[in-house]
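Enquirer: So that we are looking at the same thing, I have put the structure below in structure tokens.
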Amino acid sequence: MPEISAATGLSTSSLYNAYGSKLDLLVAALDHYSDTVLDSFMLGPLASGTEGLADIDAFLDRLAATIDAAHPRGCLAINTIAEFRDPPPPVAARTARYRSQLRQALHAALSRAHRLGEVPADAVERRADALVPIVVAFNLLVAAQAPGSETRDLLAAARSLTHRGLP
């Protein structure tokens, strides 16, 4: 809380008065991240795009852009998953919501790809299920500052899976 206080210029008592507890502040931060970054920038365009595989490629490109960021930190939702072994229920609900939103967005894009004749119907569920852990692993590697070659290879595998399917 002292670091947040220093960064925001607010006193710790003001932060506690506004949010209640550290847990409440974390939950508010996760909700804000979901609304601003995930819904507006990362998953929203994937879920509501008009293309199929091109929408997934654009999503993977947005992920790739985080590799070369000046201070790559990964995804707040994934970092939160990694931080807690036994998360408090409100945190567990937010991270479960993230995984569900990710799968739904991937499923939506793959369903569009099927309608466009880019993937067979029986591939939609399997590919969505396989891509979720790849995206999670990618974000964990970025947060861990793994070599760019590892994270790029993982995205290449995601693209291959998206376009060609499971071996």
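Scheme for the structure tokens: letters A, B, ... for chains in order shown; per-chain residue numbers from 1; ligand numbers from 1 in order shown.
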List the neighbours of stretch 143-152 of chain A out to 8 Å using only C-alpha atoms; skip same-chain residues closer than 4 positions along the sequence, and give me the result as number ranges by chain.

Expert: A: 64, 67-68, 72-75, 79, 138-139, 156

Enquirer: Quick one: residues within 9 Å of A:Ala130, only C-alpha atoms, excluding same-chain residues fewer than 6 positions away - as a list in words?

Expert: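 Near neighbours after the sequence-gap exclusion: Ala158, Leu161 and Leu166 of chain A.
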
Enquirer: Set the distance at 9 Å and use only C-alpha atoms: which residues neighbour A:Met42 once local chain neighbours fewer than 5 positions away are removed? I'd like the list as a ChimeraX atom specification.

Expert: /A:37,59,62-63

Enquirer: Which of these residues is nearest to A:Ile134, using only C-alpha atoms: A:Gln101, A:Thr95, A:Thr162, A:Ser13?

Expert: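 Counting only C-alpha atoms, the residue closest to A:Ile134 is A:Thr162.
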
Enquirer: With only C-alpha atoms as the counted atoms, please give the residues lying no more than 12 Å from A:Arg164, apart from itself and same-chain residues fewer than 4 positions off, as a list of chain:residue names.

Expert: A:Leu53, A:Glu118, A:Val119, A:Pro120, A:Ala123, A:Val124, A:Arg127, A:Ala156, A:Ala157, A:Ala158, A:Arg159, A:Ser160

Enquirer: If we count only C-alpha atoms and set the cut-off at 12 Å, which residues sit around A:His107, ignoring sequence neighbours fewer than 5 positions away in its own chain? Please answer as a list in words.

Expert: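 Within the cut-off, the hits are Leu43, Leu46, Ala47, Ser48, Gly49, Gly52, Leu53, Asp55, Ile56, Ser100, Gln101, Leu102, Arg112, Ala113, His114, Val119, Ala121, Asp122, Ala123, Val124, Glu125, Arg126, Arg127, Ala128, Asp129, Ala130, Leu131, Val132 and Thr162 of chain A.
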
Enquirer: Just checking: using only C-alpha atoms, which residue out of A:Pro2, A:Ala70, A:Leu10, A:Leu76 ends up closest to A:Asp31?

Expert: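 Once distances to A:Asp31 are computed over only C-alpha atoms, the minimum belongs to A:Leu76.
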
Enquirer: Ranking A:Ala82, A:Gly20, A:Ser40, A:Leu25 by minimum distance to A:Ile4 and counting only C-alpha atoms, which one comes first?

Expert: A:Leu25

Enquirer: Work out how far atom CA of A:Ala105 is from atom CA of A:Pro133, in Å to one decimal.

Expert: 13.8 Å

Enquirer: If you run DSSP on the backbone, which residues of stretch 28-96 of chain A are helix (DSSP H, G or I), as a VMD selection string?

Expert: chain A and resid 28 to 48 53 to 65 76 to 83 89 to 96

Enquirer: Closest to A:Pro45 among A:Arg97, A:Leu154, A:Leu116, A:Leu106, using only C-alpha atoms?

Expert: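 For A:Pro45, the nearest of the candidates is A:Leu106.
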
Enquirer: Would you pick out the contacts of A:Leu26 at 12 Å or less, using only C-alpha atoms, so that residues sharing its chain but fewer than 3 positions from it are not included, and give the list as a CSV table (one decimal) with N, CA and C atoms, in the first residue's frame?

Expert:
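The resulting file, selection-v8.csv, is shown below:
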```
chain,number,residue,atom,x,y,z
A,1,MET,N,0.8,-1.2,0.0
A,1,MET,CA,0.0,0.0,0.0
A,1,MET,C,0.9,1.3,0.0
A,4,ILE,N,1.7,2.1,-3.6
A,4,ILE,CA,0.6,2.6,-4.3
A,4,ILE,C,0.3,4.0,-3.9
A,15,LEU,N,-6.7,5.5,0.4
A,15,LEU,CA,-6.9,4.2,-0.3
A,15,LEU,C,-7.7,3.2,0.4
A,16,TYR,N,-7.5,3.1,1.7
A,16,TYR,CA,-8.3,2.1,2.5
A,16,TYR,C,-9.8,2.6,2.6
A,19,TYR,N,-11.3,1.8,-1.0
A,19,TYR,CA,-11.4,0.4,-1.4
A,19,TYR,C,-11.7,-0.5,-0.3
A,20,GLY,N,-11.5,-0.2,0.9
A,20,GLY,CA,-11.7,-1.1,2.0
A,20,GLY,C,-10.4,-1.8,2.4
A,21,SER,N,-10.1,-2.9,1.8
A,21,SER,CA,-8.9,-3.7,2.1
A,21,SER,C,-8.0,-3.8,0.9
A,22,LYS,N,-6.8,-4.4,1.1
A,22,LYS,CA,-5.9,-4.7,0.0
A,22,LYS,C,-6.6,-5.7,-1.0
A,23,LEU,N,-7.4,-6.6,-0.4
A,23,LEU,CA,-8.1,-7.6,-1.3
A,23,LEU,C,-9.1,-6.8,-2.2
A,29,ALA,N,-8.9,-3.6,-9.1
A,29,ALA,CA,-7.8,-3.5,-10.2
A,29,ALA,C,-8.1,-4.6,-11.2
A,30,LEU,N,-8.4,-5.8,-10.8
A,30,LEU,CA,-8.7,-6.9,-11.8
A,30,LEU,C,-10.0,-6.5,-12.6
A,31,ASP,N,-11.0,-6.0,-12.0
A,31,ASP,CA,-12.2,-5.6,-12.7
A,31,ASP,C,-11.9,-4.5,-13.7
A,32,HIS,N,-11.1,-3.5,-13.3
A,32,HIS,CA,-10.7,-2.4,-14.2
A,32,HIS,C,-9.9,-2.9,-15.3
A,33,TYR,N,-9.0,-3.8,-15.1
A,33,TYR,CA,-8.1,-4.4,-16.1
A,33,TYR,C,-9.0,-5.2,-17.1
A,76,LEU,N,-2.2,-9.1,-16.3
A,76,LEU,CA,-2.5,-9.0,-14.8
A,76,LEU,C,-3.3,-10.2,-14.4
A,77,ALA,N,-4.2,-10.7,-15.2
A,77,ALA,CA,-5.0,-11.8,-14.8
A,77,ALA,C,-4.1,-13.1,-14.7
A,80,THR,N,-1.9,-12.8,-11.7
A,80,THR,CA,-2.6,-13.1,-10.4
A,80,THR,C,-2.8,-14.6,-10.2
A,87,PRO,N,-6.3,-18.9,-4.0
A,87,PRO,CA,-6.8,-17.5,-4.0
A,87,PRO,C,-8.1,-17.3,-3.2
A,88,PRO,N,-8.3,-16.1,-2.6
A,88,PRO,CA,-9.5,-15.8,-2.0
A,88,PRO,C,-10.6,-15.9,-3.1
A,90,PRO,N,-13.1,-14.0,-4.2
A,90,PRO,CA,-13.3,-13.0,-5.2
A,90,PRO,C,-12.2,-13.0,-6.3
A,91,VAL,N,-11.0,-13.3,-5.9
A,91,VAL,CA,-9.8,-13.4,-6.9
A,91,VAL,C,-10.0,-14.6,-7.8
A,92,ALA,N,-10.3,-15.7,-7.2
A,92,ALA,CA,-10.6,-16.9,-7.9
A,92,ALA,C,-11.7,-16.7,-9.0
A,94,ARG,N,-12.5,-13.9,-10.4
A,94,ARG,CA,-12.0,-13.0,-11.5
A,94,ARG,C,-11.0,-13.8,-12.4
A,95,THR,N,-10.2,-14.7,-11.9
A,95,THR,CA,-9.2,-15.4,-12.8
A,95,THR,C,-10.0,-16.5,-13.6
```

Enquirer: Smallest atom-to-atom distance to A:Ser34: which of A:Ile78, A:Val136, A:Ala58, A:Leu155, using only C-alpha atoms?

Expert: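 The shortest atom-to-atom distance to A:Ser34 comes from A:Ile78.
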